[in-house]
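Visitor: This is entry.txt, which holds compact mmCIF, C-alpha atoms:
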# COMPACT_ATOMS: atom_id res chain seq x y z
CA MET A 1 -95.27 -170.89 81.63
CA ARG A 2 -92.77 -173.58 82.64
CA THR A 3 -90.94 -173.07 79.35
CA LEU A 4 -90.54 -169.39 80.21
CA ILE A 5 -89.06 -170.32 83.60
CA TYR A 6 -86.47 -172.59 81.91
CA LEU A 7 -85.68 -169.82 79.45
CA PHE A 8 -85.24 -167.33 82.30
CA ILE A 9 -82.94 -169.71 84.21
CA GLY A 10 -80.90 -170.27 81.03
CA ILE A 11 -80.57 -166.53 80.42
CA LEU A 12 -79.43 -166.02 84.01
CA PHE A 13 -76.88 -168.81 83.53
CA GLY A 14 -75.66 -167.41 80.19
CA ILE A 15 -75.20 -163.90 81.54
CA THR A 16 -73.36 -165.29 84.56
CA MET A 17 -71.06 -167.43 82.39
CA PHE A 18 -70.13 -164.45 80.22
CA LYS A 19 -69.83 -161.82 82.95
CA SER A 20 -67.91 -164.12 85.30
CA GLU A 21 -65.42 -164.70 82.45
CA ALA A 22 -65.83 -168.44 83.04
CA ALA A 23 -66.58 -168.55 79.29
CA SER A 24 -63.18 -167.04 78.52
CA TRP A 25 -60.53 -169.35 77.12
CA PHE A 26 -57.92 -167.19 78.92
CA ARG A 27 -59.47 -167.83 82.34
CA ILE A 28 -59.43 -171.59 81.77
CA TYR A 29 -55.78 -171.49 80.68
CA GLU A 30 -54.91 -169.35 83.71
CA MET A 31 -56.75 -171.78 86.00
CA PHE A 32 -54.72 -174.75 84.78
CA LYS A 33 -51.57 -172.66 85.22
CA PHE A 34 -52.59 -171.93 88.83
CA ASP A 35 -51.93 -168.26 88.09
CA SER A 36 -55.18 -166.91 89.52
CA PHE A 37 -57.75 -167.61 92.20
CA HIS A 38 -60.63 -166.39 89.98
CA MET A 39 -61.95 -169.73 88.61
CA TYR A 40 -61.29 -171.56 91.87
CA GLY A 41 -63.24 -168.85 93.67
CA ILE A 42 -66.18 -169.23 91.28
CA ILE A 43 -66.32 -173.03 91.42
CA GLY A 44 -65.48 -173.13 95.14
CA SER A 45 -68.09 -170.59 96.25
CA ALA A 46 -70.76 -172.17 94.01
CA LEU A 47 -69.87 -175.50 95.56
CA VAL A 48 -69.91 -174.39 99.21
CA ILE A 49 -73.32 -172.76 98.74
CA GLY A 50 -74.47 -175.77 96.69
CA ILE A 51 -73.51 -178.25 99.41
CA ILE A 52 -75.29 -176.20 102.10
CA MET A 53 -78.33 -175.87 99.82
CA VAL A 54 -78.58 -179.60 99.09
CA GLN A 55 -78.10 -180.47 102.77
CA LEU A 56 -80.84 -178.02 103.81
CA ILE A 57 -83.21 -179.40 101.16
CA LYS A 58 -82.58 -182.95 102.40
CA ARG A 59 -82.57 -182.16 106.14
CA PHE A 60 -85.75 -180.08 106.12
CA GLY A 61 -87.49 -181.85 103.25
CA ILE A 62 -87.87 -178.58 101.39
CA LYS A 63 -90.49 -178.96 98.65
CA SER A 64 -90.20 -177.77 95.07
CA PHE A 65 -92.13 -174.75 93.76
CA TYR A 66 -94.80 -177.26 92.69
CA GLY A 67 -95.07 -178.75 96.17
CA LYS A 68 -93.29 -182.01 95.40
CA HIS A 69 -90.40 -183.80 97.08
CA ILE A 70 -87.01 -182.84 95.55
CA HIS A 71 -85.29 -185.93 94.26
CA PHE A 72 -81.50 -186.38 93.88
CA VAL A 73 -80.50 -189.13 91.49
CA PRO A 74 -77.31 -190.83 92.76
CA LYS A 75 -74.63 -191.46 90.12
CA GLU A 76 -73.78 -195.09 89.38
CA LYS A 77 -70.77 -196.44 91.26
CA SER A 78 -67.72 -196.86 89.05
CA PHE A 79 -64.16 -195.67 88.76
CA SER A 80 -62.97 -196.12 85.20
CA ARG A 81 -65.73 -194.27 83.37
CA TYR A 82 -65.39 -191.21 85.61
CA MET A 83 -61.60 -191.20 85.54
CA PHE A 84 -61.06 -191.96 81.83
CA GLY A 85 -64.06 -189.94 80.68
CA GLY A 86 -62.98 -187.13 82.96
CA ILE A 87 -59.44 -187.06 81.56
CA ILE A 88 -60.71 -187.00 77.97
CA PHE A 89 -63.10 -184.18 78.85
CA GLY A 90 -60.32 -182.26 80.62
CA LEU A 91 -58.02 -182.47 77.58
CA GLY A 92 -60.75 -180.94 75.42
CA TRP A 93 -61.82 -178.39 78.03
CA ALA A 94 -58.28 -176.98 78.25
CA LEU A 95 -57.77 -176.98 74.47
CA VAL A 96 -60.94 -175.12 73.47
CA GLY A 97 -61.30 -173.32 76.81
CA ALA A 98 -65.01 -174.04 76.93
CA CYS A 99 -67.23 -176.67 78.48
CA PRO A 100 -70.77 -177.51 77.33
CA GLY A 101 -72.46 -174.54 79.06
CA PRO A 102 -70.12 -171.70 78.08
CA MET A 103 -69.80 -172.88 74.47
CA PHE A 104 -73.45 -171.96 73.90
CA THR A 105 -72.98 -168.67 75.72
CA LEU A 106 -70.09 -167.87 73.37
CA ALA A 107 -72.28 -168.67 70.37
CA GLY A 108 -74.76 -166.09 71.65
CA ALA A 109 -71.95 -163.61 72.21
CA GLY A 110 -71.20 -163.89 68.48
CA TYR A 111 -67.93 -165.86 68.28
CA VAL A 112 -68.56 -167.79 65.05
CA PRO A 113 -65.73 -170.40 65.35
CA ILE A 114 -67.31 -171.75 68.55
CA LEU A 115 -69.92 -173.30 66.25
CA ILE A 116 -67.19 -175.72 65.10
CA VAL A 117 -66.62 -176.69 68.75
CA ILE A 118 -70.36 -177.21 69.31
CA ALA A 119 -70.74 -179.32 66.15
CA ALA A 120 -67.65 -181.37 67.05
CA SER A 121 -68.86 -181.93 70.61
CA ILE A 122 -72.19 -183.25 69.31
CA LEU A 123 -70.21 -185.53 66.99
CA GLY A 124 -67.97 -186.60 69.91
CA THR A 125 -71.06 -187.53 71.93
CA PHE A 126 -72.29 -189.51 68.91
CA PHE A 127 -68.96 -191.41 68.69
CA TYR A 128 -69.26 -192.24 72.38
CA GLY A 129 -72.72 -193.72 71.73
CA LEU A 130 -71.24 -195.87 68.95
CA VAL A 131 -68.36 -197.34 70.96
CA LYS A 132 -69.93 -197.17 74.43
CA ASP A 133 -70.27 -200.94 74.88
CA ARG A 134 -66.60 -201.55 74.09
CA LEU A 135 -65.31 -199.11 76.74
CA PRO A 136 -64.57 -199.91 80.40
CA HIS A 137 -67.35 -198.47 82.55
CA MET B 1 -75.15 -149.64 88.42
CA ASN B 2 -71.74 -149.36 86.78
CA TRP B 3 -70.59 -152.58 88.41
CA ILE B 4 -72.81 -154.57 86.08
CA TYR B 5 -70.69 -153.48 83.10
CA GLU B 6 -67.51 -154.58 84.83
CA PRO B 7 -66.44 -158.25 84.89
CA TRP B 8 -68.16 -159.91 87.83
CA PRO B 9 -65.85 -160.98 90.66
CA TRP B 10 -65.87 -164.64 91.73
CA TYR B 11 -67.89 -163.93 94.88
CA ILE B 12 -70.79 -162.71 92.74
CA SER B 13 -70.44 -165.32 89.97
CA GLY B 14 -70.15 -168.41 92.19
CA PRO B 15 -73.32 -167.65 94.20
CA MET B 16 -75.12 -166.87 90.90
CA ILE B 17 -74.25 -170.36 89.62
CA ALA B 18 -75.52 -171.82 92.90
CA LEU B 19 -78.72 -169.80 92.38
CA VAL B 20 -79.13 -171.31 88.90
CA MET B 21 -78.76 -174.80 90.37
CA PHE B 22 -81.20 -173.95 93.16
CA LEU B 23 -83.84 -172.66 90.73
CA LEU B 24 -83.52 -175.82 88.61
CA LEU B 25 -83.90 -178.03 91.70
CA MET B 26 -86.97 -176.04 92.74
CA VAL B 27 -88.63 -176.70 89.38
CA GLU B 28 -87.78 -180.40 89.81
CA LYS B 29 -84.91 -180.50 87.29
CA SER B 30 -81.18 -180.90 87.63
CA PHE B 31 -78.27 -178.76 86.48
CA GLY B 32 -76.24 -180.45 83.73
CA MET B 33 -75.47 -179.04 80.31
CA SER B 34 -73.74 -181.90 78.48
CA SER B 35 -76.82 -184.15 78.38
CA ASN B 36 -78.12 -181.69 75.79
CA LEU B 37 -75.42 -182.90 73.39
CA ARG B 38 -76.91 -186.39 73.59
CA THR B 39 -80.42 -184.99 73.06
CA MET B 40 -79.18 -183.16 69.96
CA CYS B 41 -77.75 -186.45 68.62
CA THR B 42 -81.12 -188.11 69.14
CA ILE B 43 -82.95 -185.28 67.36
CA CYS B 44 -80.54 -185.72 64.42
CA GLY B 45 -81.54 -189.38 64.20
CA ALA B 46 -78.63 -191.05 66.04
CA GLY B 47 -81.13 -193.54 67.51
CA ASN B 48 -80.84 -195.48 64.25
CA LYS B 49 -77.15 -196.11 64.90
CA SER B 50 -77.00 -196.77 68.63
CA ALA B 51 -79.52 -197.71 71.31
CA PHE B 52 -77.82 -195.12 73.55
CA PHE B 53 -79.69 -192.45 71.62
CA LYS B 54 -83.06 -194.18 71.65
CA PHE B 55 -85.04 -192.22 74.20
CA ASP B 56 -87.91 -189.79 74.17
CA TRP B 57 -86.04 -186.54 73.56
CA LYS B 58 -89.16 -184.52 74.31
CA SER B 59 -88.59 -185.34 77.99
CA GLN B 60 -85.38 -183.29 77.67
CA LYS B 61 -86.95 -180.35 75.88
CA TRP B 62 -86.78 -178.27 79.07
CA ASN B 63 -82.96 -178.54 79.05
CA LEU B 64 -82.79 -177.43 75.41
CA VAL B 65 -84.77 -174.36 76.47
CA VAL B 66 -82.10 -173.73 79.15
CA VAL B 67 -79.49 -173.92 76.35
CA LEU B 68 -81.46 -171.42 74.29
CA GLY B 69 -81.48 -169.19 77.37
CA ALA B 70 -77.69 -169.60 77.73
CA ILE B 71 -77.29 -168.42 74.12
CA ILE B 72 -79.54 -165.39 74.72
CA GLY B 73 -77.70 -164.76 78.00
CA GLY B 74 -74.39 -164.76 76.12
CA PHE B 75 -75.76 -162.15 73.73
CA ILE B 76 -77.06 -159.98 76.58
CA GLY B 77 -73.87 -160.39 78.62
CA SER B 78 -71.56 -159.41 75.79
CA HIS B 79 -73.61 -156.87 73.84
CA LEU B 80 -75.72 -155.15 76.50
CA LEU B 81 -73.88 -155.62 79.79
CA SER B 82 -70.23 -155.21 78.79
CA THR B 83 -68.41 -152.11 77.64
CA ASP B 84 -65.00 -153.76 77.45
CA PRO B 85 -64.87 -157.57 77.34
CA THR B 86 -61.07 -157.70 77.77
CA VAL B 87 -60.11 -160.29 80.36
CA ALA B 88 -57.51 -159.04 82.84
CA ILE B 89 -55.56 -162.25 83.41
CA ASN B 90 -52.36 -162.48 85.41
CA PRO B 91 -49.46 -160.62 83.68
CA GLU B 92 -47.37 -163.78 84.06
CA THR B 93 -50.02 -165.74 82.14
CA ILE B 94 -50.02 -163.03 79.47
CA ALA B 95 -46.23 -163.23 79.06
CA ASP B 96 -46.49 -166.98 78.99
CA LEU B 97 -49.17 -166.97 76.29
CA GLU B 98 -47.29 -164.40 74.23
CA SER B 99 -44.28 -166.69 74.18
CA LEU B 100 -46.58 -169.42 72.81
CA GLY B 101 -47.76 -167.04 70.07
CA PHE B 102 -51.09 -165.86 71.52
CA LYS B 103 -50.78 -162.16 70.82
CA SER B 104 -54.30 -161.33 72.01
CA ALA B 105 -53.60 -162.42 75.61
CA GLY B 106 -54.74 -159.67 77.98
CA ALA B 107 -56.38 -157.74 75.14
CA ALA B 108 -59.49 -159.76 74.30
CA TYR B 109 -62.18 -162.08 75.70
CA LEU B 110 -61.06 -165.05 73.60
CA PRO B 111 -57.79 -165.60 71.71
CA THR B 112 -58.23 -164.18 68.21
CA GLU B 113 -55.91 -166.96 66.95
CA LEU B 114 -58.69 -169.48 67.61
CA PHE B 115 -61.94 -167.54 67.81
CA ASP B 116 -61.72 -164.62 65.42
CA THR B 117 -63.83 -165.19 62.29
CA ALA B 118 -60.53 -165.22 60.35
CA ALA B 119 -59.59 -168.38 62.28
CA LEU B 120 -62.23 -170.17 60.19
CA PHE B 121 -59.77 -169.95 57.29
CA SER B 122 -56.84 -171.34 59.24
CA PHE B 123 -56.51 -175.12 58.89
CA ASN B 124 -54.68 -175.46 62.21
CA SER B 125 -57.23 -173.44 64.16
CA VAL B 126 -60.17 -175.37 62.72
CA LEU B 127 -58.38 -178.65 63.42
CA MET B 128 -57.76 -177.69 67.05
CA LEU B 129 -61.32 -176.51 67.63
CA THR B 130 -62.60 -179.75 66.08
CA ILE B 131 -60.36 -182.03 68.14
CA GLY B 132 -61.15 -180.09 71.32
CA GLY B 133 -64.88 -180.28 70.65
CA LEU B 134 -64.72 -184.02 69.93
CA LEU B 135 -62.87 -184.61 73.23
CA VAL B 136 -65.36 -182.50 75.19
CA GLY B 137 -68.36 -184.29 73.68
CA PHE B 138 -66.91 -187.79 73.97
CA GLY B 139 -65.43 -187.26 77.44
CA SER B 140 -68.44 -185.60 79.03
CA ARG B 141 -70.75 -188.41 78.00
CA TYR B 142 -68.25 -191.11 78.94
CA ALA B 143 -67.85 -189.46 82.36
CA GLY B 144 -71.61 -189.01 82.62
CA GLY B 145 -71.44 -185.24 83.00
CA CYS B 146 -69.39 -182.10 82.58
CA THR B 147 -68.45 -179.16 84.78
CA SER B 148 -72.07 -178.32 85.66
CA GLY B 149 -73.23 -181.91 86.16
CA HIS B 150 -70.25 -183.14 88.15
CA ALA B 151 -68.24 -180.19 89.53
CA ILE B 152 -71.37 -178.32 90.65
CA SER B 153 -74.41 -180.63 90.88
CA GLY B 154 -72.64 -183.88 91.77
CA LEU B 155 -70.14 -182.44 94.24
CA SER B 156 -72.89 -180.39 95.90
CA ASN B 157 -74.58 -183.70 96.61
CA LEU B 158 -71.24 -185.08 97.91
CA GLN B 159 -71.07 -187.82 95.28
CA LEU B 160 -67.84 -189.80 95.05
CA PRO B 161 -68.26 -190.47 91.27
CA SER B 162 -68.32 -186.71 90.68
CA LEU B 163 -65.14 -186.25 92.71
CA ILE B 164 -63.40 -188.90 90.58
CA ALA B 165 -64.68 -187.18 87.42
CA VAL B 166 -63.48 -183.74 88.57
CA ILE B 167 -60.05 -185.16 89.41
CA GLY B 168 -60.07 -186.60 85.88
CA PHE B 169 -61.03 -183.17 84.43
CA PHE B 170 -57.97 -181.68 86.13
CA ILE B 171 -55.57 -184.45 85.13
CA GLY B 172 -56.68 -183.98 81.51
CA GLY B 173 -56.59 -180.20 81.67
CA LEU B 174 -53.18 -180.04 83.32
CA ALA B 175 -51.77 -182.55 80.84
CA MET B 176 -53.09 -180.47 77.93
CA ILE B 177 -51.71 -177.15 79.21
CA HIS B 178 -48.39 -178.34 80.61
CA LEU B 179 -47.43 -181.27 78.38
CA ILE B 180 -49.30 -180.97 75.07
CA PHE B 181 -49.47 -177.17 74.58
CA PRO B 182 -45.67 -176.79 74.35
CA LEU B 183 -45.79 -179.32 71.47
CA LEU B 184 -48.74 -177.62 69.72
CA PHE B 185 -47.75 -173.97 69.92
Once you've parsed the file, please lay out its structure as structure tokens.
Guide:
Amino acid sequence: MRTLIYLFIGILFGITMFKSEAASWFRIYEMFKFDSFHMYGIIGSALVIGIIMVQLIKRFGIKSFYGKHIHFVPKEKSFSRYMFGGIIFGLGWALVGACPGPMFTLAGAGYVPILIVIAASILGTFFYGLVKDRLPH
Amino acid sequence: MNWIYEPWPWYISGPMIALVMFLLLMVEKSFGMSSNLRTMCTICGAGNKSAFFKFDWKSQKWNLVVVLGAIIGGFIGSHLLSTDPTVAINPETIADLESLGFKSAGAAYLPTELFDTAALFSFNSVLMLTIGGLLVGFGSRYAGGCTSGHAISGLSNLQLPSLIAVIGFFIGGLAMIHLIFPLLF
């Protein structure tokens, strides 16, 4: 049952990524060119609603569907890993026009070359695991 | 019902993403796609090479199911819910891309130069997709999250680390488009 819920949420996410055009390389390029409000509108409106949602959950102690307390895991404090990691991610995001959610959506949509991006991103994560201890965090 | 076949405007798409995050929170999970890349490394046996990949991947099975859903959603979105996937980007962007050699700008969902099956036989295209993928995988794990984990989940929870990461995403993205693209294309 729970597996079906995760599958449903994923399908909803995939459809949204494709139909919103957030999975389009062109929209990402346009965003970094500041030529359109589209992507900023998507991220911005998701964020405004997200902030209100999280605040309401915290303020009113809203329980999960299974009746438990909803837990938010705070990210570790650091600067360098977020800044350097973020820049490296951003370089790749702009080049392939896809981040880790949309790249799977594009695979489902039938764009075969995206499989190269997916394989390379798994490999990139593997390289990070190998050199992790030698990087500033 | 015709609207569903049209590209969704931002004010539908943004709230839908928030809904996805809300549903995940309500089933006691969090929204973040790049952690799946680490899980996939572990499944492939990366735990033998680095302790970073030594964890019980079955605890992350739920997120792999979300990925499977995202793949199915991509199929449904493109094959069943779209009549014309052309992305109507700004005419200035189209002119700009055409000058860089992207002839499919304004006439496709993805640039054919990189994502058409024929691109698989172009050394340059494969090289660019590979380098981009490596950067995305390496960077998202180094930064501890990607667009969903930081720009949506983390910022929704008003986390400073996520703000730093998102600023990093933009520095990297702007550098790629404005400084590196003119050298590549």
Visitor: Kindly indicate which residue among A:Phe34, A:Phe89, A:Tyr29, A:Tyr40 lies nearest to chain B, using all atoms listed in the file for the distances.
Guide: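 Looking only at the distances to chain B, the closest residue turns out to be A:Phe89.
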Visitor: List the neighbours of Phe169 in chain B out to 9 Å using only C-alpha atoms; skip same-chain residues closer than 5 positions along the sequence, and give me the result as a list in words.
Guide: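 Contacts, in chain order: Met83, Gly85, Gly86, Ile87, Ile88, Phe89, Gly90, Leu91 and Trp93 of chain A; Cys146, Thr147, Ile164 and Leu174 of chain B.
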Visitor: So how far away is CA of Leu12 in chain A from CA of Ile4 in chain B, in Å?
Guide: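 CA of Leu12 in chain A lies at a distance of 13.4 Å from CA of Ile4 in chain B.
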Visitor: So that I can check the surroundings of Gly44 in chain A, please list as a compact mmCIF listing (two decimals) with C-alpha atoms, in the frame of the given file every protein, DNA and RNA residue that reaches within 12 Å of it, counting all atoms listed in the file and ignoring chain neighbours fewer than 5 positions away.
Guide:
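So the final result, stored in out_19.txt, reads:
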# COMPACT_ATOMS: atom_id res chain seq x y z
CA PHE A 37 -57.75 -167.61 92.20
CA HIS A 38 -60.63 -166.39 89.98
CA MET A 39 -61.95 -169.73 88.61
CA ILE A 49 -73.32 -172.76 98.74
CA GLY A 50 -74.47 -175.77 96.69
CA ILE A 51 -73.51 -178.25 99.41
CA TRP B 10 -65.87 -164.64 91.73
CA TYR B 11 -67.89 -163.93 94.88
CA ILE B 12 -70.79 -162.71 92.74
CA SER B 13 -70.44 -165.32 89.97
CA GLY B 14 -70.15 -168.41 92.19
CA PRO B 15 -73.32 -167.65 94.20
CA ILE B 17 -74.25 -170.36 89.62
CA ALA B 18 -75.52 -171.82 92.90
CA ALA B 151 -68.24 -180.19 89.53
CA ILE B 152 -71.37 -178.32 90.65
CA LEU B 155 -70.14 -182.44 94.24
CA SER B 156 -72.89 -180.39 95.90
Visitor: For a quick test of understanding: name the residues of chain A lying within 6 Å of chain B when counting all atoms listed in the file, and present them as a PyMOL selection string.
Guide: chain A and resi 6-7+10-11+13-15+18-20+24-25+32+38+41-42+45-47+50-51+64-65+81-83+85-92+94-96+100-101+104-106+108-109+113+117+120-122+124-125+128-130
Visitor: Can you work out the spacing between CA of Ala119 in chain A and CA of Trp57 in chain B in Å, to one decimal?
Guide: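 For CA of Ala119 in chain A relative to CA of Trp57 in chain B, the distance reads 18.5 Å.
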Visitor: When you draw a straight line from CA of Met17 in chain A to CA of Val112 in chain A, how long is it in Å?
Guide: 17.5 Å
Visitor: Report, as JSON, the centre and edge lengths in Å (one decimal) of the axis-aligned box enclosing every listed atom of range 81-92 of chain B, padded by 3 Å on each side.
Guide:
{"center_x": -60.6, "center_y": -157.9, "center_z": 81.4, "size_x": 32.5, "size_y": 17.7, "size_z": 14.1}
